[in-house]
Each structure stands twice: as structure tokens, then as C-alpha cells.
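Source file: my_file04.txt; contents: compact mmCIF, C-alpha atoms.
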```
# COMPACT_ATOMS: atom_id res chain seq x y z
CA ASP A 1 -1.05 -37.93 35.41
CA PRO A 2 -4.00 -39.96 36.72
CA LEU A 3 -5.90 -39.54 33.44
CA GLY A 4 -2.96 -40.45 31.23
CA PRO A 5 -2.84 -38.25 28.11
CA ILE A 6 -6.17 -36.56 28.93
CA GLU A 7 -5.46 -32.98 29.96
CA ALA A 8 -8.96 -31.49 29.85
CA ILE A 9 -12.57 -32.52 29.54
CA ASN A 10 -14.74 -29.77 28.06
CA LEU A 11 -18.50 -29.60 28.55
CA GLY A 12 -20.69 -26.76 27.33
CA PHE A 13 -24.35 -26.12 27.95
CA SER A 14 -26.65 -26.32 24.96
CA ASN A 15 -27.22 -23.06 23.07
CA ARG A 16 -28.80 -22.12 19.77
CA VAL A 17 -25.45 -21.61 18.03
CA PHE A 18 -23.61 -24.85 18.82
CA GLY A 19 -26.00 -26.97 20.84
CA GLY A 20 -24.36 -29.16 23.47
CA GLN A 21 -20.57 -29.00 23.45
CA PHE A 22 -18.32 -31.93 24.34
CA GLY A 23 -14.55 -32.16 23.98
CA LEU A 24 -11.28 -33.73 25.05
CA THR A 25 -7.82 -32.18 25.04
CA LEU A 26 -5.04 -34.76 24.84
CA ASN A 27 -1.30 -34.47 25.38
CA ALA A 28 0.02 -35.70 22.04
CA TRP A 29 3.48 -36.54 23.41
CA ASP A 30 1.98 -38.78 26.10
CA MET A 31 -0.54 -40.36 23.75
CA LEU A 32 2.20 -41.32 21.27
CA GLY A 33 4.67 -42.34 23.98
CA ILE A 34 7.32 -39.89 22.77
CA GLN A 35 9.68 -37.90 24.97
CA PRO A 36 8.64 -34.22 24.54
CA LEU A 37 11.05 -31.83 22.89
CA ASP A 38 12.27 -29.08 25.20
CA ASN A 39 10.10 -25.95 25.40
CA THR A 40 7.29 -27.42 23.30
CA LYS A 41 3.63 -28.24 23.83
CA TRP A 42 1.66 -30.51 21.51
CA ARG A 43 -2.07 -31.06 21.97
CA PHE A 44 -4.87 -32.90 20.20
CA ASP A 45 -8.49 -31.69 20.43
CA LEU A 46 -11.52 -33.92 19.90
CA ASP A 47 -14.83 -32.04 19.83
CA TYR A 48 -18.48 -32.64 19.13
CA LEU A 49 -21.16 -29.95 18.83
CA THR A 50 -24.66 -31.36 18.70
CA LEU A 51 -26.03 -28.69 16.33
CA ARG A 52 -22.94 -28.55 14.10
CA GLY A 53 -20.98 -31.80 14.00
CA PRO A 54 -17.63 -33.41 14.96
CA GLY A 55 -14.42 -31.39 15.11
CA LEU A 56 -10.77 -32.37 15.21
CA GLY A 57 -7.66 -30.28 15.74
CA THR A 58 -4.11 -30.02 16.99
CA SER A 59 -1.87 -27.24 18.30
CA TYR A 60 1.90 -27.09 18.66
CA THR A 61 3.85 -24.29 20.34
CA TYR A 62 7.60 -23.94 20.65
CA SER A 63 10.37 -21.63 21.79
CA ALA A 64 14.12 -21.77 21.42
CA LYS A 65 17.25 -19.72 21.99
CA ASP A 66 20.38 -19.17 19.91
CA ILE A 67 19.26 -21.02 16.77
CA PHE A 68 22.18 -21.82 14.44
CA GLY A 69 24.45 -20.33 17.08
CA ILE A 70 23.02 -16.81 16.64
CA PRO A 71 22.22 -15.17 20.00
CA GLY A 72 18.50 -14.52 20.17
CA THR A 73 15.07 -16.01 20.77
CA THR A 74 12.48 -17.71 18.58
CA SER A 75 8.90 -18.59 19.49
CA GLY A 76 5.88 -19.64 17.51
CA GLY A 77 2.97 -21.97 17.14
CA VAL A 78 0.95 -24.01 14.67
CA ARG A 79 -2.79 -24.60 14.98
CA LEU A 80 -5.04 -26.81 12.86
CA TRP A 81 -8.73 -27.30 13.50
CA GLY A 82 -11.62 -28.44 11.33
CA ILE A 83 -15.24 -29.48 11.58
CA ARG A 84 -17.88 -31.21 9.49
CA ASP A 85 -20.51 -28.51 9.90
CA THR A 86 -24.11 -29.37 9.09
CA GLY A 87 -25.55 -26.40 10.99
CA THR A 88 -26.30 -22.76 10.21
CA ASP A 89 -24.07 -19.84 11.19
CA ILE A 90 -25.60 -17.39 13.65
CA LEU A 91 -23.42 -14.28 13.71
CA GLY A 92 -25.73 -11.59 15.08
CA GLY A 93 -25.68 -7.95 14.12
CA GLY A 94 -28.88 -8.19 12.08
CA ARG A 95 -27.15 -10.15 9.34
CA GLY A 96 -29.62 -13.02 9.46
CA ALA A 97 -28.75 -16.61 8.67
CA ASN A 98 -25.49 -17.33 6.84
CA ASP A 99 -25.88 -20.95 5.77
CA ASP A 100 -23.86 -20.91 2.55
CA HIS A 101 -20.70 -22.17 4.20
CA PRO A 102 -18.93 -25.32 2.97
CA LEU A 103 -19.65 -28.66 4.66
CA TYR A 104 -16.05 -29.10 5.75
CA ARG A 105 -14.65 -25.99 7.41
CA GLY A 106 -11.45 -25.23 9.23
CA ARG A 107 -8.28 -23.24 9.67
CA ALA A 108 -4.52 -23.58 9.47
CA SER A 109 -2.41 -21.07 11.37
CA TRP A 110 1.32 -20.57 11.85
CA ARG A 111 2.97 -17.66 13.61
CA GLN A 112 6.63 -17.24 14.42
CA ASP A 113 8.69 -14.40 15.85
CA SER A 114 12.50 -14.42 15.91
CA GLN A 115 14.68 -11.70 17.41
CA THR A 116 18.46 -11.51 17.64
CA LEU A 117 20.66 -9.46 19.94
CA SER A 118 22.01 -7.66 16.87
CA GLY A 119 18.62 -6.01 16.32
CA PHE A 120 17.25 -8.29 13.57
CA THR A 121 13.57 -9.28 13.73
CA LEU A 122 11.85 -11.87 11.54
CA GLN A 123 8.11 -12.47 11.69
CA ALA A 124 6.21 -15.09 9.71
CA ASN A 125 2.44 -15.34 9.63
CA LEU A 126 0.36 -17.91 7.71
CA GLN A 127 -3.43 -17.79 8.10
CA LEU A 128 -5.64 -20.06 6.00
CA LEU A 129 -9.41 -20.06 6.54
CA SER A 130 -12.04 -22.12 4.76
CA ASP A 131 -14.57 -19.28 4.49
CA GLN A 132 -15.22 -15.71 5.57
CA ASN A 133 -17.44 -16.51 8.58
CA PHE A 134 -15.50 -19.40 10.12
CA LEU A 135 -13.22 -17.45 12.45
CA GLU A 136 -15.99 -15.18 13.73
CA GLN A 137 -18.29 -18.11 14.41
CA TYR A 138 -15.87 -20.51 16.11
CA PHE A 139 -13.09 -18.27 17.46
CA LYS A 140 -14.96 -15.08 18.32
CA ASN A 141 -12.48 -13.70 20.83
CA GLU A 142 -9.62 -14.19 18.41
CA PHE A 143 -11.68 -12.60 15.61
CA ASP A 144 -12.28 -9.52 17.80
CA THR A 145 -8.88 -9.03 19.42
CA ASP A 146 -6.13 -10.69 17.36
CA PRO A 147 -4.20 -9.00 14.52
CA VAL A 148 -5.72 -9.17 11.05
CA GLN A 149 -5.44 -12.64 9.54
CA THR A 150 -2.83 -11.75 6.92
CA THR A 151 -0.23 -14.05 5.41
CA HIS A 152 3.18 -12.41 5.25
CA VAL A 153 6.88 -12.56 6.05
CA TYR A 154 8.47 -9.46 7.56
CA GLY A 155 12.11 -8.78 8.31
CA ARG A 156 13.57 -5.70 10.03
CA GLN A 157 17.12 -4.73 10.93
CA ASP A 158 17.85 -1.94 13.39
CA LEU A 159 20.85 0.04 12.17
CA GLY A 160 21.40 2.18 15.24
CA TYR A 161 21.24 5.97 15.33
CA ASN A 162 17.41 5.84 15.14
CA ALA A 163 17.55 4.04 11.77
CA ALA A 164 16.12 0.75 10.54
CA VAL A 165 15.42 -1.07 7.28
CA GLY A 166 12.59 -3.52 6.64
CA LEU A 167 11.31 -5.86 3.95
CA VAL A 168 7.83 -7.41 3.79
CA GLY A 169 6.21 -9.88 1.42
CA GLN A 170 2.44 -10.30 1.75
CA VAL A 171 -0.05 -12.39 -0.21
CA ASN A 172 -3.83 -12.32 -0.02
CA VAL A 173 -5.22 -15.83 0.44
CA ARG A 174 -8.67 -14.62 1.58
CA ASP A 175 -10.58 -14.01 -1.64
CA TRP A 176 -13.54 -12.51 0.24
CA VAL A 177 -11.39 -9.56 1.42
CA THR A 178 -10.17 -6.59 -0.60
CA ASP A 179 -6.48 -6.41 0.23
CA THR A 180 -3.10 -5.49 -1.22
CA GLN A 181 -0.39 -8.00 -1.98
CA TRP A 182 3.18 -6.73 -1.61
CA LEU A 183 5.65 -8.62 -3.76
CA PRO A 184 7.67 -7.27 -1.92
CA LYS A 185 7.91 -3.85 -0.19
CA ALA A 186 11.06 -2.35 1.34
CA ASP A 187 11.35 0.63 3.70
CA PHE A 188 14.09 2.65 5.38
CA TRP A 189 13.29 4.70 8.50
CA LEU A 190 15.12 7.46 10.30
CA THR A 191 13.05 8.36 13.36
CA GLY A 192 13.44 11.18 15.86
CA GLN A 193 16.92 12.32 14.83
CA SER A 194 17.87 15.49 16.71
CA PHE A 195 19.81 18.35 15.11
CA LEU A 196 21.34 21.09 17.27
CA ASP A 197 19.06 19.98 20.12
CA LEU A 198 16.38 22.02 18.37
CA ILE A 199 14.96 20.24 15.34
CA THR A 200 13.67 16.67 15.39
CA TYR A 201 13.75 15.03 11.96
CA SER A 202 12.10 11.83 10.73
CA SER A 203 12.10 10.28 7.28
CA GLN A 204 10.85 7.16 5.52
CA VAL A 205 11.87 5.98 2.06
CA GLY A 206 10.00 3.07 0.51
CA ALA A 207 9.76 1.04 -2.68
CA GLY A 208 7.46 -1.85 -3.46
CA TYR A 209 5.29 -3.64 -5.96
CA GLY A 210 1.64 -3.88 -4.92
CA GLN A 211 -1.34 -5.76 -6.30
CA LEU A 212 -4.80 -4.73 -5.14
CA GLN A 213 -7.11 -7.76 -5.16
CA LEU A 214 -10.85 -7.24 -4.84
CA SER A 215 -13.27 -9.22 -2.74
CA ASN A 216 -15.42 -11.79 -4.51
CA VAL A 217 -18.35 -10.94 -2.22
CA PRO A 218 -21.12 -9.31 -4.30
CA GLU A 219 -21.44 -6.17 -2.20
CA PRO A 220 -20.78 -2.48 -2.99
CA TYR A 221 -17.12 -1.56 -2.88
CA VAL A 222 -15.92 0.69 -0.08
CA SER A 223 -14.59 3.20 -2.59
CA PRO A 224 -15.00 3.82 -6.34
CA THR A 225 -11.21 3.46 -6.55
CA ASP A 226 -11.47 -0.19 -5.49
CA VAL A 227 -10.27 -1.49 -8.84
CA ALA A 228 -8.04 -4.51 -9.33
CA SER A 229 -4.64 -3.09 -10.28
CA SER A 230 -0.89 -3.54 -9.98
CA ALA A 231 1.81 -0.92 -9.67
CA GLY A 232 5.28 -0.20 -8.43
CA ARG A 233 5.25 2.44 -5.67
CA PHE A 234 8.13 4.68 -4.61
CA HIS A 235 7.83 7.33 -1.92
CA TRP A 236 9.78 9.62 0.38
CA MET A 237 8.21 11.04 3.52
CA GLN A 238 9.88 13.70 5.66
CA GLU A 239 8.91 15.48 8.85
CA GLY A 240 10.67 18.20 10.79
CA SER A 241 9.45 19.46 14.16
CA VAL A 242 10.60 21.97 16.76
CA PRO A 243 9.40 20.64 20.15
CA PHE A 244 9.36 22.92 23.18
CA THR A 245 7.76 23.12 26.61
CA LEU A 246 5.12 25.71 27.52
CA GLY A 247 4.16 25.37 31.16
CA ALA A 248 2.91 21.80 31.63
CA LEU A 249 2.38 21.35 27.88
CA ARG A 250 4.81 19.79 25.46
CA LEU A 251 4.22 21.37 22.03
CA SER A 252 5.66 20.19 18.71
CA PRO A 253 4.98 22.36 15.66
CA TYR A 254 5.89 20.33 12.59
CA LEU A 255 6.04 20.39 8.82
CA LYS A 256 5.43 17.14 6.97
CA GLY A 257 5.44 16.13 3.32
CA ASP A 258 5.51 13.10 1.03
CA LEU A 259 6.54 12.54 -2.57
CA ALA A 260 5.28 9.38 -4.29
CA TYR A 261 5.32 7.85 -7.74
CA TYR A 262 3.17 4.98 -9.00
CA THR A 263 4.19 3.17 -12.17
CA SER A 264 0.55 2.70 -13.15
CA ASP A 265 -2.74 4.52 -12.61
CA ILE A 266 -6.08 2.77 -12.01
CA ASN A 267 -6.36 2.85 -15.78
CA PRO A 268 -3.09 1.30 -17.00
CA ASP A 269 -3.40 3.24 -20.27
CA ASN A 270 -2.69 6.44 -18.34
CA GLY A 271 0.87 5.40 -17.48
CA GLY A 272 2.57 6.51 -14.28
CA LEU A 273 1.22 8.87 -11.67
CA GLY A 274 3.05 11.24 -9.32
CA ARG A 275 1.72 12.65 -6.08
CA ALA A 276 2.92 15.29 -3.65
CA TRP A 277 1.30 16.40 -0.42
CA GLY A 278 2.34 18.25 2.67
CA GLY A 279 1.29 20.58 5.41
CA PRO A 280 1.99 22.02 8.84
CA GLY A 281 0.56 21.00 12.18
CA VAL A 282 1.00 21.09 15.93
CA ARG A 283 1.00 18.19 18.38
CA ALA A 284 0.45 18.81 22.09
CA SER A 285 0.72 16.50 25.09
CA ILE A 286 0.54 16.79 28.85
CA PRO A 287 1.40 14.15 31.47
CA PHE A 288 -0.78 13.33 34.46
CA SER A 289 0.25 11.21 37.40
CA ALA A 290 -1.08 10.17 40.78
CA LEU A 291 0.46 8.45 43.77
CA PHE A 292 -1.47 5.85 45.76
CA PRO A 293 -0.05 4.93 49.19
```

As C-alpha cells, please, write out the structure in this file.
Amino acid sequence: DPLGPIEAINLGFSNRVFGGQFGLTLNAWDMLGIQPLDNTKWRFDLDYLTLRGPGLGTSYTYSAKDIFGIPGTTSGGVRLWGIRDTGTDILGGGRGANDDHPLYRGRASWRQDSQTLSGFTLQANLQLLSDQNFLEQYFKNEFDTDPVQTTHVYGRQDLGYNAAVGLVGQVNVRDWVTDTQWLPKADFWLTGQSFLDLITYSSQVGAGYGQLQLSNVPEPYVSPTDVASSAGRFHWMQEGSVPFTLGALRLSPYLKGDLAYYTSDINPDNGGLGRAWGGPGVRASIPFSALFP
């Protein structure tokens, strides 16, 4: 390590969004003189953007096996980054200048995925952002390609025989987004169960308590039903299909339906609301392949 804790020196040409870009990436373990923990990486980032201001951040990733003696794997990461931003956002798309952001901007992110050999999966996702334009401006690739920045905990247990049960709790910490909080929601799935080698049956039963929270951005709502509300939701979806082969085609005529009950309508004075829908359909698929010597 000829440069000691310095792992990277970042230089960016001046542009109209950030100006000149200068940064250092430091190995935090080396800088603090601490023996690294196994299967971990800890980094510090020091940045300066001439048109925006100074930035500071850290990232920590980890992985482990057989935690608490349970056979399985766990991996995750934490990322913190912030900037004192005196510039103006330039986001493109004909949206013009967006200069109403706070002076101090940043993010806090934590993602973890644990899986056991017994078929249990636990996912945790915490995403805190200072404002609605921060991620798109400073982490554009992540904004375009990563999963939605939700905050939730999700657990799922495979039961065998094409069955599984799951439980999710989700809160909306982005007040500029219309989103549903689930406090919590549980589901049971039976997927692709074959009967008599003729009928393929799938079913999902769910129960949850949802809260629809509206965006605080003064723009037209996507739908006239975008109304802040809370309700318990219970539903049962079923699908039966009879797949068969016709020449090179694989055809699956099916019949699908769903029964649902909501404890409250958009107008809470209306009480509960039931819903039933269903219908037939046909799915078709055909495989193509090619061999290249």
C-alpha cells in the first residue's frame, strides 16, 4: 500500500452540473489502524465539487455465514453521503431549474439480505433521502436502475410443495411520493400445483392493513382516487389452467378470479367495500434456440 489508506484519487472534468470534481477514497480500517473484520469493506469518501460544495461520506459492506449457528448466508451494506450544496440542480427533461433544495443534502441507506438453508429469507431496506431530487442528481445510475427506494422489512418462508408464506412491513418516509404503508401485510402462496397431470392451480391469500399517503408536491394527482385513507384488506386469488402443447406452441387456457374486502371505502362513512372480478384467458409461448460453434 504505497499510498497508505488512500485507495483512489478521483478527478472529474468541469461541467455545468457539478463543475470540477475532486475526491479521495480512503480505507477506513487502515486510516484508523484497526484490523479489518473478516468479509467487510469500510471506506471514507472526501469530495469537493466546485459548483456545488464539499461532500463527505462512508460506506460499509459485509457478508457472513451461519449467523447464530443457523446455516445460511447474510450480506448487506450501509452507505452515508452528504453535501453542503450551494448550487442549482440541473435534471434535464425540460423541467428547468430546481433550486429549492435544502442547503445540506444527503442520504442514508441500509440493505441486508439473509437466506437460510431451510428456505427462510429476510430482507431489510432502509432508504432516507433529504429531498426528492437528490438521488437523481448525484446518483443517476442508481436512480435509473436500482429498485425503488422503499423502506421495508420482508420475511418469507418456503413451505415446500410449491407453497410459501410471507410478511412485509413498509413505511413511507418520502413525503414527496404517493405510496402505501403496510402495517403489516401477510400472504400465503400456492404456485403451480398440478392435479391429475392436467390442471395447474395457483392461489394467493392475503391480509393486511394499508395506509395510502399522498405526496406533498403541489401537482395533479395521478388518479381521482388518490385520497389519503386507511383500510384493512383481505383477498383470495385463484387461477386454474390446462396447459397443452400444439406443435411448437405451449398453450395455457386459464380461468382466474379474485375476491377482496376492504374495511373502509375512500369515504370512511361508507363502511366496508367488497370486490369480485374474474375472467378467462390464454397464454402462449414458443422457445427459440440457436447453436454457435

Task: Point-to-point distance in Å for atom CA of A:Arg79 and atom CA of A:Ala8 - done: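 According to the coordinates, atom CA of A:Ala8 and atom CA of A:Arg79 are separated by 17.5 Å.
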
- [ ] Give as number ranges by chain the set of residues within 9 Å of the point (-0.9, 21.1, 22.8), where distances use the file's coordinates and only C-alpha atoms.
- [x] A: 246, 249-252, 282-286

Quick one: write out the picked residues with C-alpha atoms as a tab-separated table (two decimals), in the coordinates of the input?
```tsv
chain	number	residue	atom	x	y	z
A	246	LEU	CA	5.12	25.71	27.52
A	249	LEU	CA	2.38	21.35	27.88
A	250	ARG	CA	4.81	19.79	25.46
A	251	LEU	CA	4.22	21.37	22.03
A	252	SER	CA	5.66	20.19	18.71
A	282	VAL	CA	1.00	21.09	15.93
A	283	ARG	CA	1.00	18.19	18.38
A	284	ALA	CA	0.45	18.81	22.09
A	285	SER	CA	0.72	16.50	25.09
A	286	ILE	CA	0.54	16.79	28.85
```

Task: Two-atom distance - atom CA of A:Lys65, atom CA of A:Leu126 (Å) - done: 22.2 Å

Open item on the list: Show me, as an MDAnalysis selection string, the residues that have an atom within 12 Å of stretch 34-46 of chain A when counting all atoms listed in the file, minus same-chain residues fewer than 2 positions from it.
Closed with: chainID A and resid 5:11 21:32 48:49 53:65 74:83

- [ ] Would you work out the distance separating atom CA of A:Thr116 from atom CA of A:Trp189, expressed in Å to one decimal?
- [x]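 Atom CA of A:Trp189 lies 19.3 Å from atom CA of A:Thr116.
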
Task: Within 12 Å of A:Gly119 using only C-alpha atoms, minus same-chain residues under 6 positions, as a list in words - done: Ile70, Pro71, Gly72, Thr73, Gly155, Arg156, Gln157, Asp158, Leu159, Gly160, Asn162, Ala163, Ala164, Val165 and Gly166 of chain A

Can you report as AutoDock Vina command-line options the centre and edge lengths in Å, to one decimal, of an axis-aligned box around the listed atoms of stretch 116-121 of chain A padded with 5 Å on each side?
```
--center_x 17.8 --center_y -8.8 --center_z 16.8 --size_x 18.4 --size_y 15.5 --size_z 16.4
```

Residues of stretch 226-263 of chain A at most 6 Å from stretch 199-221 of chain A: nearest atom pair and distance in Å, only C-alpha atoms, as JSON lines:
```
{"residue": "A:Ala228", "atom": "CA", "partner": "A:Leu212", "partner_atom": "CA", "distance": 5.3}
{"residue": "A:Ser229", "atom": "CA", "partner": "A:Leu212", "partner_atom": "CA", "distance": 5.4}
{"residue": "A:Ser230", "atom": "CA", "partner": "A:Gln211", "partner_atom": "CA", "distance": 4.3}
{"residue": "A:Ala231", "atom": "CA", "partner": "A:Gly210", "partner_atom": "CA", "distance": 5.6}
{"residue": "A:Gly232", "atom": "CA", "partner": "A:Tyr209", "partner_atom": "CA", "distance": 4.2}
{"residue": "A:Arg233", "atom": "CA", "partner": "A:Gly208", "partner_atom": "CA", "distance": 5.3}
{"residue": "A:Phe234", "atom": "CA", "partner": "A:Ala207", "partner_atom": "CA", "distance": 4.4}
{"residue": "A:His235", "atom": "CA", "partner": "A:Gly206", "partner_atom": "CA", "distance": 5.4}
{"residue": "A:Trp236", "atom": "CA", "partner": "A:Val205", "partner_atom": "CA", "distance": 4.5}
{"residue": "A:Met237", "atom": "CA", "partner": "A:Gln204", "partner_atom": "CA", "distance": 5.1}
{"residue": "A:Gln238", "atom": "CA", "partner": "A:Ser203", "partner_atom": "CA", "distance": 4.4}
{"residue": "A:Glu239", "atom": "CA", "partner": "A:Ser202", "partner_atom": "CA", "distance": 5.2}
{"residue": "A:Gly240", "atom": "CA", "partner": "A:Tyr201", "partner_atom": "CA", "distance": 4.6}
{"residue": "A:Ser241", "atom": "CA", "partner": "A:Thr200", "partner_atom": "CA", "distance": 5.2}
{"residue": "A:Val242", "atom": "CA", "partner": "A:Ile199", "partner_atom": "CA", "distance": 4.9}
```

Open item on the list: From the options A:Pro184, A:Pro280, A:Leu51, A:Val153, which residue's atoms come nearest to A:Thr121, counting only C-alpha atoms?
Closed with: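 Of the candidates, the smallest distance to A:Thr121 is held by A:Val153.
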
Open item on the list: For a quick check of understanding, using all atoms listed in the file, which of A:Tyr154, A:Trp110, A:Trp176, A:Tyr138 has the smallest distance to A:Gln123?
Closed with: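 Counting all atoms listed in the file, the residue closest to A:Gln123 is A:Tyr154.
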
TODO: With a distance cut-off of 8 Å and all atoms listed in the file, select the neighbouring residues of stretch 129-136 of chain A, excluding the residue or stretch itself and same-chain residues fewer than 2 positions from it, and output the selection as a VMD selection string.
DONE: chain A and resid 89 91 101 to 102 105 to 108 127 138 to 140 142 to 144 174 176

Emit the selected residues as an mmCIF file, in the coordinates of the input, including C-alpha atoms.
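Output file selection.cif is given in full below:
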```
data_model
loop_
_atom_site.group_PDB
_atom_site.id
_atom_site.type_symbol
_atom_site.label_atom_id
_atom_site.label_comp_id
_atom_site.auth_asym_id
_atom_site.auth_seq_id
_atom_site.Cartn_x
_atom_site.Cartn_y
_atom_site.Cartn_z
ATOM 1 C CA ASP A 89 -24.070 -19.840 11.190
ATOM 2 C CA LEU A 91 -23.420 -14.280 13.710
ATOM 3 C CA HIS A 101 -20.700 -22.170 4.200
ATOM 4 C CA PRO A 102 -18.930 -25.320 2.970
ATOM 5 C CA ARG A 105 -14.650 -25.990 7.410
ATOM 6 C CA GLY A 106 -11.450 -25.230 9.230
ATOM 7 C CA ARG A 107 -8.280 -23.240 9.670
ATOM 8 C CA ALA A 108 -4.520 -23.580 9.470
ATOM 9 C CA GLN A 127 -3.430 -17.790 8.100
ATOM 10 C CA TYR A 138 -15.870 -20.510 16.110
ATOM 11 C CA PHE A 139 -13.090 -18.270 17.460
ATOM 12 C CA LYS A 140 -14.960 -15.080 18.320
ATOM 13 C CA GLU A 142 -9.620 -14.190 18.410
ATOM 14 C CA PHE A 143 -11.680 -12.600 15.610
ATOM 15 C CA ASP A 144 -12.280 -9.520 17.800
ATOM 16 C CA ARG A 174 -8.670 -14.620 1.580
ATOM 17 C CA TRP A 176 -13.540 -12.510 0.240
#
```

Open item on the list: With distances taken over all atoms listed in the file, which residue among A:Leu273, A:Val168, A:Val17, A:Leu259 lies nearest A:Ala124?
Closed with: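 For A:Ala124, the nearest of the given residues is A:Val168.
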